[in-house]
file protein-v1.csv (CSV, C-alpha atoms)
chain,number,residue,atom,x,y,z
O,181,MET,CA,48.9,16.8,85.6
O,182,SER,CA,46.4,19.0,83.7
O,183,ILE,CA,44.6,16.0,82.4
O,184,VAL,CA,44.3,14.6,85.9
O,185,HIS,CA,43.0,17.9,87.1
O,186,ASN,CA,40.5,18.1,84.3
O,187,ILE,CA,39.2,14.6,85.1
O,188,ALA,CA,38.9,15.5,88.7
O,189,ASP,CA,37.1,18.7,87.9
O,190,ALA,CA,34.7,16.8,85.6
O,191,ALA,CA,34.0,14.3,88.3
O,192,SER,CA,33.4,17.0,90.8
O,193,PHE,CA,31.0,18.7,88.4
O,194,VAL,CA,29.1,15.5,87.8
O,195,MET,CA,28.8,14.9,91.6
O,196,SER,CA,27.6,18.5,92.1
O,197,LEU,CA,25.0,18.1,89.4
O,198,CYS,CA,23.8,14.8,90.9
O,199,ASP,CA,23.4,16.6,94.3
O,200,ILE,CA,21.4,19.3,92.6
O,201,CYS,CA,19.2,16.8,90.9
O,202,LEU,CA,18.6,15.0,94.2
O,203,ALA,CA,17.8,18.2,96.0
O,204,GLY,CA,15.3,19.1,93.2
O,205,ALA,CA,13.8,15.6,93.4
O,206,PHE,CA,13.3,16.0,97.2
O,207,VAL,CA,11.6,19.3,96.7
O,208,GLY,CA,9.4,17.7,94.0
O,209,CYS,CA,8.3,15.0,96.4
O,210,ILE,CA,7.1,17.6,98.8
O,211,LEU,CA,5.4,19.6,96.1
O,212,MET,CA,3.4,16.5,95.0
O,213,LEU,CA,2.3,15.8,98.6
O,214,ILE,CA,1.1,19.5,98.8
O,215,GLU,CA,-0.7,19.0,95.4
O,216,SER,CA,-2.4,15.9,96.8
O,217,ALA,CA,-3.7,17.9,99.7
O,218,PHE,CA,-5.1,20.6,97.4
O,219,VAL,CA,-6.7,17.9,95.2
O,220,LEU,CA,-8.5,16.3,98.1
O,221,GLY,CA,-9.6,19.8,99.2
O,222,PHE,CA,-11.1,20.7,95.9
O,223,ARG,CA,-14.8,21.5,96.4
O,224,GLU,CA,-16.8,20.2,93.4
O,225,ASP,CA,-20.3,21.4,92.7
O,226,LYS,CA,-22.2,20.4,89.6
O,227,THR,CA,-25.5,21.9,90.6
O,228,VAL,CA,-24.7,25.6,90.4
O,229,GLY,CA,-27.9,27.5,89.5
O,230,GLY,CA,-30.2,30.4,90.3
O,231,ALA,CA,-30.4,32.7,87.2
O,232,ALA,CA,-33.0,32.4,84.6
O,233,PRO,CA,-31.7,30.2,81.8
O,234,PRO,CA,-30.7,32.3,78.7
O,235,PRO,CA,-30.7,30.9,75.2
O,236,VAL,CA,-27.3,29.4,74.5
O,237,THR,CA,-25.2,28.7,71.4
O,238,ILE,CA,-22.5,26.0,71.9
O,239,LEU,CA,-19.6,26.2,69.4
O,240,LYS,CA,-17.9,22.9,68.6
O,241,PRO,CA,-14.9,23.3,66.1
O,242,LEU,CA,-14.3,19.9,64.6
O,243,HIS,CA,-11.3,18.2,63.0
O,244,GLY,CA,-10.8,14.7,61.7
O,245,ALA,CA,-11.9,11.4,63.1
O,246,GLU,CA,-12.4,11.2,66.8
O,247,PRO,CA,-13.7,8.1,68.5
O,248,GLY,CA,-17.0,8.7,70.4
O,249,LEU,CA,-17.6,12.1,68.8
O,250,ALA,CA,-21.3,11.5,68.3
O,251,ALA,CA,-21.9,10.5,71.9
O,252,ARG,CA,-20.0,13.6,73.2
O,253,LEU,CA,-22.0,15.9,70.9
O,254,ALA,CA,-25.3,14.2,71.9
O,255,ALA,CA,-24.5,15.1,75.6
O,256,PHE,CA,-24.4,18.8,74.6
O,257,CYS,CA,-27.8,18.5,72.8
O,258,ARG,CA,-29.5,16.6,75.6
O,259,GLN,CA,-28.9,18.9,78.6
O,260,ASP,CA,-31.0,19.3,81.7
O,261,TYR,CA,-31.7,22.9,80.7
O,262,ASP,CA,-34.9,24.9,80.3
O,263,GLY,CA,-33.6,27.4,77.8
O,264,PRO,CA,-33.1,27.0,74.1
O,265,ILE,CA,-29.8,25.4,73.0
O,266,GLN,CA,-28.1,25.7,69.6
O,267,VAL,CA,-25.2,23.2,69.1
O,268,LEU,CA,-23.2,24.6,66.2
O,269,CYS,CA,-20.5,22.4,64.7
O,270,GLY,CA,-17.9,23.8,62.3
O,271,ALA,CA,-15.5,22.1,60.0
O,272,ARG,CA,-13.2,23.2,57.2
O,273,ASP,CA,-13.4,20.0,55.0
O,274,ALA,CA,-16.7,18.5,53.9
O,275,THR,CA,-15.0,15.1,53.5
O,276,SER,CA,-13.9,15.0,57.2
O,277,PRO,CA,-15.1,12.0,59.2
O,278,ALA,CA,-16.4,14.5,61.8
O,279,VAL,CA,-18.7,16.0,59.3
O,280,ALA,CA,-20.1,12.6,58.4
O,281,ALA,CA,-20.7,11.9,62.1
O,282,VAL,CA,-22.7,15.1,62.5
O,283,ARG,CA,-24.8,14.5,59.4
O,284,THR,CA,-25.5,11.0,60.7
O,285,MET,CA,-26.7,12.5,64.0
O,286,GLN,CA,-28.9,14.9,62.1
O,287,ARG,CA,-30.6,12.1,60.2
O,288,GLU,CA,-31.0,9.8,63.2
O,289,ARG,CA,-32.0,12.4,65.8
O,290,PRO,CA,-33.8,15.2,63.9
O,291,ASP,CA,-35.0,16.7,67.1
O,292,ASP,CA,-31.5,17.4,68.5
O,293,PRO,CA,-30.6,21.1,68.2
O,294,ILE,CA,-27.4,20.3,66.3
O,295,GLU,CA,-26.3,22.3,63.2
O,296,LEU,CA,-23.3,22.0,60.9
O,297,HIS,CA,-21.4,24.7,59.1
O,298,VAL,CA,-18.6,23.8,56.6
O,299,ASP,CA,-16.3,26.6,55.4
O,300,PRO,CA,-12.7,26.2,54.2
O,301,ARG,CA,-11.7,29.9,54.5
O,302,ARG,CA,-8.5,30.7,56.4
O,303,HIS,CA,-8.2,33.8,58.5
O,304,GLY,CA,-4.8,33.2,60.2
O,305,GLY,CA,-2.4,30.6,61.4
O,306,ASN,CA,-4.7,29.0,64.0
O,307,ARG,CA,-7.0,26.7,62.1
O,308,LYS,CA,-9.4,26.2,65.1
O,309,VAL,CA,-9.9,30.0,65.4
O,310,SER,CA,-10.4,30.3,61.6
O,311,ASN,CA,-13.2,27.7,62.1
O,312,LEU,CA,-14.7,29.8,64.9
O,313,ILE,CA,-14.6,32.9,62.8
O,314,ASN,CA,-16.4,31.1,60.0
O,315,MET,CA,-19.1,29.8,62.4
O,316,LEU,CA,-19.8,33.1,64.1
O,317,PRO,CA,-22.4,34.4,61.5
O,318,ARG,CA,-24.5,31.3,62.3
O,319,VAL,CA,-24.6,32.0,66.0
O,320,ARG,CA,-28.2,32.8,67.1
O,321,HIS,CA,-27.9,33.5,70.8
O,322,ASP,CA,-26.1,36.1,73.0
O,323,THR,CA,-24.6,33.5,75.4
O,324,ILE,CA,-21.8,31.6,73.7
O,325,ILE,CA,-20.0,28.5,75.0
O,326,LEU,CA,-16.9,27.4,73.2
O,327,SER,CA,-15.9,23.8,73.9
O,328,ASP,CA,-13.3,21.6,72.1
O,329,SER,CA,-14.6,18.5,70.3
O,330,ASP,CA,-12.8,16.1,72.7
O,331,ILE,CA,-14.7,17.3,75.8
O,332,ALA,CA,-17.2,15.2,77.7
O,333,ILE,CA,-19.8,16.8,80.0
O,334,HIS,CA,-22.5,16.0,82.6
O,335,SER,CA,-26.2,16.7,82.1
O,336,GLY,CA,-26.2,19.9,84.2
O,337,TYR,CA,-23.2,21.5,82.5
O,338,VAL,CA,-25.0,24.3,80.6
O,339,ARG,CA,-27.2,25.2,83.5
O,340,ALA,CA,-24.1,25.5,85.8
O,341,VAL,CA,-22.0,27.4,83.4
O,342,THR,CA,-24.7,30.0,82.5
O,343,ALA,CA,-25.5,30.5,86.2
O,344,LEU,CA,-21.8,31.3,86.8
O,345,LEU,CA,-21.7,33.7,83.8
O,346,ALA,CA,-24.7,35.6,85.2
O,347,GLN,CA,-22.8,36.7,88.3
O,348,PRO,CA,-21.7,40.4,88.5
O,349,ARG,CA,-18.4,41.3,86.8
O,350,VAL,CA,-18.0,37.9,85.3
O,351,GLY,CA,-16.9,38.1,81.7
O,352,ALA,CA,-16.1,34.5,81.0
O,353,VAL,CA,-16.3,31.0,82.6
O,354,THR,CA,-13.8,28.2,82.1
O,355,CYS,CA,-13.4,24.6,83.4
O,356,LEU,CA,-10.7,22.4,84.6
O,357,TYR,CA,-10.6,18.9,83.0
O,358,TYR,CA,-9.5,15.4,83.7
O,359,GLY,CA,-8.0,12.9,81.2
O,360,ALA,CA,-10.0,10.0,79.9
O,361,GLY,CA,-7.9,7.4,77.9
O,362,GLY,CA,-9.1,4.6,75.8
O,363,ASP,CA,-7.9,1.0,75.7
O,364,GLY,CA,-4.6,1.9,73.9
O,365,LEU,CA,-1.4,2.4,75.8
O,366,TRP,CA,-0.6,5.8,74.4
O,367,ALA,CA,-4.0,7.3,75.0
O,368,ARG,CA,-3.8,6.0,78.6
O,369,LEU,CA,-0.4,7.6,79.0
O,370,SER,CA,-1.8,10.9,77.6
O,371,ALA,CA,-4.7,10.8,80.2
O,372,LEU,CA,-2.3,9.9,82.9
O,373,ALA,CA,-0.2,13.0,82.1
O,374,ILE,CA,-3.3,15.2,82.5
O,375,ASN,CA,-4.4,13.6,85.7
O,376,THR,CA,-1.0,13.4,87.4
O,377,HIS,CA,0.7,16.6,86.1
O,378,PHE,CA,-1.6,19.2,84.6
O,379,LEU,CA,-4.7,18.8,86.8
O,380,PRO,CA,-3.0,18.8,90.2
O,381,GLN,CA,-0.8,21.7,89.2
O,382,ALA,CA,-3.8,23.7,87.9
O,383,ILE,CA,-5.8,23.0,91.1
O,384,THR,CA,-2.9,24.0,93.3
O,385,GLY,CA,-2.2,27.2,91.2
O,386,LEU,CA,-5.8,28.2,91.6
O,387,ALA,CA,-5.9,27.5,95.3
O,388,ILE,CA,-2.9,29.7,96.0
O,389,LYS,CA,-4.0,32.3,93.4
O,390,VAL,CA,-0.8,32.2,91.2
O,391,THR,CA,-2.5,31.2,88.0
O,392,LYS,CA,-5.3,32.8,85.9
O,393,PRO,CA,-6.4,30.1,83.5
O,394,CYS,CA,-8.7,30.0,80.6
O,395,PHE,CA,-9.0,26.6,78.9
O,396,GLY,CA,-10.4,25.5,75.6
O,397,ALA,CA,-12.4,22.8,77.4
O,398,THR,CA,-14.9,25.5,78.2
O,399,ILE,CA,-15.0,29.3,77.5
O,400,ALA,CA,-18.4,30.8,78.1
O,401,MET,CA,-19.0,34.5,77.4
O,402,ARG,CA,-21.6,36.9,76.1
O,403,ARG,CA,-21.5,38.0,72.5
O,404,SER,CA,-21.0,41.6,73.7
O,405,THR,CA,-17.9,40.6,75.6
O,406,LEU,CA,-16.5,38.8,72.5
O,407,GLU,CA,-17.1,41.9,70.4
O,408,ARG,CA,-15.5,44.1,73.0
O,409,ILE,CA,-12.2,42.0,72.9
O,410,GLY,CA,-12.1,42.1,69.1
O,411,GLY,CA,-14.0,38.9,68.2
O,412,PHE,CA,-12.3,35.7,67.3
O,413,ALA,CA,-10.2,37.5,64.6
O,414,ALA,CA,-8.1,39.0,67.4
O,415,PHE,CA,-6.7,35.5,68.1
O,416,ALA,CA,-6.4,34.1,64.6
O,417,ASP,CA,-2.6,33.7,64.9
O,418,GLU,CA,-2.3,32.8,68.6
O,419,LEU,CA,-0.9,29.4,69.6
O,420,ALA,CA,-2.5,29.7,73.1
O,421,ASP,CA,-5.8,31.1,71.8
O,422,ASP,CA,-7.8,30.1,74.9
O,423,TYR,CA,-5.3,31.7,77.3
O,424,ALA,CA,-5.2,34.9,75.1
O,425,ILE,CA,-9.0,35.1,75.2
O,426,GLY,CA,-8.8,35.0,79.0
O,427,VAL,CA,-6.2,37.7,79.1
O,428,ALA,CA,-8.3,39.9,76.8
O,429,VAL,CA,-11.4,39.4,78.9
O,430,ARG,CA,-9.6,40.4,82.1
O,431,SER,CA,-8.0,43.4,80.3
O,432,ALA,CA,-11.5,44.6,79.4
O,433,GLY,CA,-12.3,44.8,83.1
O,434,TYR,CA,-14.1,41.5,83.6
O,435,ASP,CA,-13.4,38.5,85.8
O,436,VAL,CA,-12.7,35.0,84.3
O,437,ILE,CA,-13.8,32.4,86.8
O,438,THR,CA,-13.1,28.7,86.9
O,439,ALA,CA,-16.2,26.5,87.4
O,440,PRO,CA,-16.3,24.3,90.6
O,441,PHE,CA,-16.5,21.1,88.6
O,442,LEU,CA,-14.5,19.2,86.0
O,443,VAL,CA,-15.2,18.1,82.4
O,444,GLY,CA,-13.6,15.2,80.7
O,445,HIS,CA,-10.9,15.4,78.0
O,446,ARG,CA,-11.0,12.3,75.8
O,447,CYS,CA,-7.5,11.2,74.7
O,448,PHE,CA,-7.0,9.6,71.3
O,449,GLU,CA,-3.3,9.1,70.7
O,450,ASP,CA,-2.5,5.7,69.1
O,451,SER,CA,1.2,6.0,68.8
O,452,LEU,CA,4.3,7.3,70.7
O,453,ARG,CA,4.8,9.8,67.9
O,454,GLN,CA,1.3,11.3,68.4
O,455,LEU,CA,1.7,11.3,72.1
O,456,VAL,CA,5.0,13.1,72.0
O,457,ARG,CA,3.8,15.6,69.4
O,458,HIS,CA,0.8,16.5,71.5
O,459,GLN,CA,2.8,16.9,74.7
O,460,ILE,CA,5.4,19.0,72.9
O,461,ARG,CA,2.7,21.3,71.7
O,462,VAL,CA,1.3,21.6,75.2
O,463,ALA,CA,4.7,22.2,76.7
O,464,ARG,CA,5.8,24.8,74.1
O,465,THR,CA,2.4,26.5,74.6
O,466,VAL,CA,2.9,26.8,78.3
O,467,LYS,CA,6.5,28.0,77.8
O,468,SER,CA,5.4,30.7,75.4
O,469,ILE,CA,2.9,32.0,78.0
O,470,ASP,CA,5.1,31.9,81.1
O,471,PRO,CA,8.8,31.0,80.4
O,472,ILE,CA,10.0,31.6,83.9
O,473,GLY,CA,7.2,29.7,85.6
O,474,TYR,CA,7.7,26.9,83.0
O,475,ALA,CA,11.4,26.7,83.8
O,476,GLY,CA,10.4,26.2,87.5
O,477,THR,CA,8.3,23.2,86.6
O,478,ILE,CA,11.4,21.1,86.4
O,479,LEU,CA,10.8,20.5,90.1
O,480,THR,CA,7.6,18.6,89.1
O,481,HIS,CA,9.7,15.8,87.6
O,482,PRO,CA,11.2,14.2,90.8
O,483,TRP,CA,11.5,10.7,89.5
O,484,PRO,CA,13.7,11.5,86.5
O,485,LEU,CA,15.7,13.9,88.6
O,486,ALA,CA,16.3,11.2,91.2
O,487,LEU,CA,17.4,8.8,88.5
O,488,LEU,CA,20.0,11.4,87.4
O,489,GLY,CA,21.0,11.8,91.0
O,490,MET,CA,21.6,8.1,91.3
O,491,LEU,CA,24.6,8.5,89.0
O,492,SER,CA,26.4,9.5,92.2
O,493,GLY,CA,26.0,6.0,93.5
O,494,SER,CA,24.7,7.1,96.9
O,495,THR,CA,22.1,5.1,98.8
O,496,ALA,CA,20.2,8.3,99.5
O,497,ALA,CA,19.6,8.8,95.8
O,498,ALA,CA,17.9,5.4,95.6
O,499,LEU,CA,15.7,6.3,98.6
O,500,VAL,CA,14.7,9.6,97.0
O,501,ALA,CA,13.9,7.8,93.8
O,502,LEU,CA,11.5,5.4,95.7
O,503,ALA,CA,10.0,8.4,97.5
O,504,ALA,CA,9.4,10.1,94.2
O,505,LEU,CA,7.5,7.2,92.8
O,506,ALA,CA,5.5,6.8,96.0
O,507,SER,CA,4.6,10.5,95.9
O,508,ARG,CA,3.4,10.3,92.3
O,509,VAL,CA,1.3,7.2,93.0
O,510,THR,CA,-0.1,8.9,96.0
O,511,LEU,CA,-1.0,12.0,93.9
O,512,CYS,CA,-2.6,9.8,91.2
O,513,ARG,CA,-4.6,8.0,93.8
O,514,CYS,CA,-5.9,11.2,95.3
O,515,VAL,CA,-7.0,12.5,91.9
O,516,GLU,CA,-8.8,9.2,91.2
O,517,ARG,CA,-10.5,9.2,94.6
O,518,ARG,CA,-11.5,12.8,94.6
O,519,PHE,CA,-13.0,12.8,91.1
O,520,GLY,CA,-14.2,9.2,90.9
O,521,LEU,CA,-11.9,8.2,88.1
O,522,PRO,CA,-11.1,4.6,87.2
O,523,ARG,CA,-8.0,3.3,88.9
O,524,GLU,CA,-5.0,3.4,86.5
O,525,ASN,CA,-2.3,0.7,86.2
O,526,TYR,CA,0.3,2.4,88.4
O,527,TRP,CA,3.2,0.7,86.5
O,528,LEU,CA,2.5,3.2,83.8
O,529,ILE,CA,3.6,6.1,86.1
O,530,PRO,CA,7.4,5.7,85.8
O,531,LEU,CA,7.1,5.4,82.0
O,532,GLN,CA,4.9,8.5,81.8
O,533,ASP,CA,7.2,10.5,84.1
O,534,ILE,CA,10.2,9.7,81.9
O,535,ILE,CA,8.3,10.7,78.8
O,536,ALA,CA,7.1,13.9,80.5
O,537,PHE,CA,10.7,14.8,81.5
O,538,ALA,CA,12.0,14.1,78.0
O,539,VAL,CA,9.3,16.4,76.6
O,540,TYR,CA,10.2,19.1,79.1
O,541,VAL,CA,13.9,18.9,78.0
O,542,ALA,CA,13.0,18.7,74.3
O,543,SER,CA,10.7,21.8,74.5
O,544,TYR,CA,13.8,23.9,74.9
O,545,PHE,CA,15.3,22.7,71.6
O,546,GLY,CA,13.3,24.0,68.7
O,547,ALA,CA,10.1,25.9,68.2
O,548,THR,CA,8.0,23.6,66.1
O,549,VAL,CA,4.5,22.3,67.0
O,550,HIS,CA,2.2,19.9,65.2
O,551,TRP,CA,-1.5,20.7,65.5
O,552,ARG,CA,-4.6,19.7,63.5
O,553,GLY,CA,-2.6,18.2,60.7
O,554,ALA,CA,-0.3,21.2,60.2
O,555,GLU,CA,3.2,22.1,61.3
O,556,TYR,CA,3.9,25.5,62.8
O,557,ARG,CA,6.9,27.4,64.0
O,558,VAL,CA,6.1,29.3,67.2
O,559,ALA,CA,7.4,32.9,67.0
O,560,ALA,CA,8.9,34.7,70.1
O,561,ASP,CA,5.5,36.5,70.7
O,562,GLY,CA,3.6,33.2,70.8
O,563,THR,CA,2.0,33.5,67.3
O,564,LEU,CA,2.0,30.7,64.8
O,565,ILE,CA,3.9,30.6,61.5
O,566,GLU,CA,2.8,27.6,59.3
O,567,GLU,CA,5.5,25.5,57.8
O,568,ASP,CA,5.4,23.5,54.6
O,569,LEU,CA,4.8,19.9,55.7
O,570,ARG,CA,6.1,18.6,52.4
O,571,ARG,CA,9.6,19.3,53.7
O,572,SER,CA,9.2,17.2,56.8
call {"tool": "encode", "arguments": {"input": "protein-v1.csv", "output": "structure tokens"}}
result
Amino acid sequence: MSIVHNIADAASFVMSLCDICLAGAFVGCILMLIESAFVLGFREDKTVGGAAPPPVTILKPLHGAEPGLAARLAAFCRQDYDGPIQVLCGARDATSPAVAAVRTMQRERPDDPIELHVDPRRHGGNRKVSNLINMLPRVRHDTIILSDSDIAIHSGYVRAVTALLAQPRVGAVTCLYYGAGGDGLWARLSALAINTHFLPQAITGLAIKVTKPCFGATIAMRRSTLERIGGFAAFADELADDYAIGVAVRSAGYDVITAPFLVGHRCFEDSLRQLVRHQIRVARTVKSIDPIGYAGTILTHPWPLALLGMLSGSTAAALVALAALASRVTLCRCVERRFGLPRENYWLIPLQDIIAFAVYVASYFGATVHWRGAEYRVAADGTLIEEDLRRS
């Protein structure tokens, strides 16, 4: 009889779990429709202006080969801006394809204000921050804009960002970003993850004032503010260096504001392994910042939750699964319409949602991230401990 009871108890547990998954999926559908409304209500303004244009140094830490790098760097050099601009690119390895791309630009466009600094010195676990530390002595201007090498901008970007930074009590300016994939499947899935998960959640979080972001896509600040928060050296071992900079600026008594426009994030993944590694790093970064909030994001995966709920065999589960897909497609379409993005092949959405849910689950098993050619273990305090790749 005990075996029969155990089987009955197990079946009851599975049914209860299916019901919980269905309830979570239903809530997730509602959340996506709410996000759709906030996306459509986002007021974008690329023409922010008013203050006298200060001289600006734009820091571009480089790493490895990136398709279209020269065009993206050129956009920073050729801004609709009346003040002086210094575009300072930094790299650790003189043989990097990124270094070759910059040197080619310098030869072909000698009038562009682009400079290159190569320095292999390490100052901590975070290689990007080490790069920034090495670049800092070459900075000529008081207004500094950090921007990752995969970011694409419009011609009025510097003018708009510096005008926002000139406002009273503003210590830093950051930007939301959309994903731009190439022709490859994995890069398109990476962009889709940004546009249907990250971006709507970030817009909603800002609208209801529950998030205080600071993204590596753009961090603009004055040199005096950077010095007050300890310089880049204070973040040399941080996994979430951009978020940590935002926290430090706020702790110093300043505001960090999000610009009313988006920049583009170019996605380069050319394999499933690269895609999963990138998304695992992002997931574990977010989890290290806000573990409770991250746990709650399970509700943002209604399609996989509905599939689990379908194990109960109920007709309602199938209807919830269809509703989950319809809600995600609706959200995707709202993002595309609001920001003028190319229409995606919607058949990729179920695949991306399954990958995103698998990454969410996997993020709780282990503490390893791969970033810029290195493997790290993420400590409990969010700092990086570099591992020996020869063992992997």
call {"tool": "closest_residue", "arguments": {"input": "protein-v1.csv", "among": "O:Ala382, O:Ile478, O:Leu344, O:Val466", "to": "Leu356 of chain O", "atoms": "all atoms listed in the file"}}
result
O:Ala382
call {"tool": "closest_residue", "arguments": {"input": "protein-v1.csv", "among": "O:Ala254, O:Ile374, O:Ile535, O:Ile437", "to": "Lys389 of chain O", "atoms": "only C-alpha atoms"}}
result
O:Ile437
call {"tool": "closest_atom_pairs", "arguments": {"input": "protein-v1.csv", "of": "segment 246-279 of chain O", "to": "segment 359-369 of chain O", "cutoff": "12 Å", "atoms": "only C-alpha atoms", "output": "CSV"}}
result
residue,atom,partner,partner_atom,distance
O:Glu246,CA,O:Gly362,CA,11.6
O:Pro247,CA,O:Gly362,CA,9.3
O:Gly248,CA,O:Gly362,CA,10.4
call {"tool": "residues_near_point", "arguments": {"input": "protein-v1.csv", "point": "(-14.2, 23.8, 70.5)", "cutoff": "8 Å", "atoms": "all atoms listed in the file", "output": "ChimeraX atom specification"}}
result
/O:239-242,308,326-329,396-398
call {"tool": "closest_residue", "arguments": {"input": "protein-v1.csv", "among": "O:Leu296, O:Leu268, O:Val558, O:Leu220", "to": "Ala280 of chain O", "atoms": "all atoms listed in the file"}}
result
O:Leu296
call {"tool": "closest_residue", "arguments": {"input": "protein-v1.csv", "among": "O:His377, O:Arg517, O:Arg272, O:Arg408", "to": "Glu215 of chain O", "atoms": "all atoms listed in the file"}}
result
O:His377
call {"tool": "residues_around", "arguments": {"input": "protein-v1.csv", "residues": "Ala343 of chain O", "least_positions_apart": "5", "cutoff": "12 Å", "atoms": "all atoms listed in the file", "output": "VMD selection string"}}
result
chain O and resid 226 to 234 236 261 323 336 to 338 348 350 352 to 353 400 to 401 437 439 to 440
call {"tool": "write_last_selection", "arguments": {"input": "protein-v1.csv", "atoms": "C-alpha atoms", "output": "PDB file, in the coordinates of the input"}}
result
ATOM      1  CA  LYS O 226     -22.200  20.400  89.600  1.00  0.00           C
ATOM      2  CA  THR O 227     -25.500  21.900  90.600  1.00  0.00           C
ATOM      3  CA  VAL O 228     -24.700  25.600  90.400  1.00  0.00           C
ATOM      4  CA  GLY O 229     -27.900  27.500  89.500  1.00  0.00           C
ATOM      5  CA  GLY O 230     -30.200  30.400  90.300  1.00  0.00           C
ATOM      6  CA  ALA O 231     -30.400  32.700  87.200  1.00  0.00           C
ATOM      7  CA  ALA O 232     -33.000  32.400  84.600  1.00  0.00           C
ATOM      8  CA  PRO O 233     -31.700  30.200  81.800  1.00  0.00           C
ATOM      9  CA  PRO O 234     -30.700  32.300  78.700  1.00  0.00           C
ATOM     10  CA  VAL O 236     -27.300  29.400  74.500  1.00  0.00           C
ATOM     11  CA  TYR O 261     -31.700  22.900  80.700  1.00  0.00           C
ATOM     12  CA  THR O 323     -24.600  33.500  75.400  1.00  0.00           C
ATOM     13  CA  GLY O 336     -26.200  19.900  84.200  1.00  0.00           C
ATOM     14  CA  TYR O 337     -23.200  21.500  82.500  1.00  0.00           C
ATOM     15  CA  VAL O 338     -25.000  24.300  80.600  1.00  0.00           C
ATOM     16  CA  PRO O 348     -21.700  40.400  88.500  1.00  0.00           C
ATOM     17  CA  VAL O 350     -18.000  37.900  85.300  1.00  0.00           C
ATOM     18  CA  ALA O 352     -16.100  34.500  81.000  1.00  0.00           C
ATOM     19  CA  VAL O 353     -16.300  31.000  82.600  1.00  0.00           C
ATOM     20  CA  ALA O 400     -18.400  30.800  78.100  1.00  0.00           C
ATOM     21  CA  MET O 401     -19.000  34.500  77.400  1.00  0.00           C
ATOM     22  CA  ILE O 437     -13.800  32.400  86.800  1.00  0.00           C
ATOM     23  CA  ALA O 439     -16.200  26.500  87.400  1.00  0.00           C
ATOM     24  CA  PRO O 440     -16.300  24.300  90.600  1.00  0.00           C
TER      25      PRO O 440
END
call {"tool": "residues_around", "arguments": {"input": "protein-v1.csv", "residues": "segment 536-550 of chain O", "least_positions_apart": "4", "cutoff": "8 Å", "atoms": "all atoms listed in the file", "output": "JSON, numbers by chain"}}
result
{"O": [373, 456, 457, 458, 459, 460, 461, 463, 464, 478, 481, 484, 532, 554, 555, 556, 557, 558, 559]}
call {"tool": "atom_distance", "arguments": {"input": "protein-v1.csv", "atom1": "atom CA of Pro293 of chain O", "atom2": "atom CA of His243 of chain O"}}
result
20.2 Å
call {"tool": "atom_distance", "arguments": {"input": "protein-v1.csv", "atom1": "atom CA of Asp260 of chain O", "atom2": "atom CA of His297 of chain O"}}
result
25.1 Å
call {"tool": "atom_distance", "arguments": {"input": "protein-v1.csv", "atom1": "atom CA of Tyr434 of chain O", "atom2": "atom CA of Val341 of chain O"}}
result
16.2 Å
call {"tool": "closest_residue", "arguments": {"input": "protein-v1.csv", "among": "O:Arg307, O:Leu316, O:Ala496, O:Ser370", "to": "Gln454 of chain O", "atoms": "all atoms listed in the file"}}
result
O:Ser370
call {"tool": "closest_residue", "arguments": {"input": "protein-v1.csv", "among": "O:Gly562, O:Pro530, O:Gly473, O:Gly410", "to": "Leu485 of chain O", "atoms": "only C-alpha atoms"}}
result
O:Pro530
call {"tool": "residues_around", "arguments": {"input": "protein-v1.csv", "residues": "Gly444 of chain O", "least_positions_apart": "4", "cutoff": "7 Å", "atoms": "all atoms listed in the file", "output": "PyMOL selection string"}}
result
chain O and resi 331-333+357-360
call {"tool": "decode", "arguments": {"input": "protein-v1.csv", "residues": "segment 265-271 of chain O", "atoms": "N, CA, C and O atoms", "output": "PDB file, in the first residue's frame"}}
result
ATOM      1  N   ILE O 265      35.762  66.815 -29.961  1.00  0.00           N
ATOM      2  CA  ILE O 265      35.537  65.425 -29.591  1.00  0.00           C
ATOM      3  C   ILE O 265      36.843  64.660 -29.730  1.00  0.00           C
ATOM      4  O   ILE O 265      37.534  64.766 -30.748  1.00  0.00           O
ATOM      5  N   GLN O 266      37.172  63.899 -28.703  1.00  0.00           N
ATOM      6  CA  GLN O 266      38.301  62.965 -28.739  1.00  0.00           C
ATOM      7  C   GLN O 266      37.735  61.556 -28.601  1.00  0.00           C
ATOM      8  O   GLN O 266      37.101  61.239 -27.606  1.00  0.00           O
ATOM      9  N   VAL O 267      37.921  60.724 -29.601  1.00  0.00           N
ATOM     10  CA  VAL O 267      37.497  59.328 -29.542  1.00  0.00           C
ATOM     11  C   VAL O 267      38.735  58.500 -29.236  1.00  0.00           C
ATOM     12  O   VAL O 267      39.607  58.329 -30.084  1.00  0.00           O
ATOM     13  N   LEU O 268      38.798  57.999 -28.008  1.00  0.00           N
ATOM     14  CA  LEU O 268      39.980  57.280 -27.544  1.00  0.00           C
ATOM     15  C   LEU O 268      39.672  55.791 -27.434  1.00  0.00           C
ATOM     16  O   LEU O 268      38.848  55.375 -26.619  1.00  0.00           O
ATOM     17  N   CYS O 269      40.318  55.000 -28.266  1.00  0.00           N
ATOM     18  CA  CYS O 269      40.134  53.547 -28.276  1.00  0.00           C
ATOM     19  C   CYS O 269      41.274  52.893 -27.508  1.00  0.00           C
ATOM     20  O   CYS O 269      42.439  53.276 -27.654  1.00  0.00           O
ATOM     21  N   GLY O 270      40.936  51.910 -26.708  1.00  0.00           N
ATOM     22  CA  GLY O 270      41.946  51.224 -25.930  1.00  0.00           C
ATOM     23  C   GLY O 270      41.907  49.725 -26.145  1.00  0.00           C
ATOM     24  O   GLY O 270      40.836  49.137 -26.311  1.00  0.00           O
ATOM     25  N   ALA O 271      43.072  49.092 -26.161  1.00  0.00           N
ATOM     26  CA  ALA O 271      43.168  47.648 -26.328  1.00  0.00           C
ATOM     27  C   ALA O 271      44.351  47.135 -25.516  1.00  0.00           C
ATOM     28  O   ALA O 271      45.282  47.876 -25.210  1.00  0.00           O
TER      29      ALA O 271
END
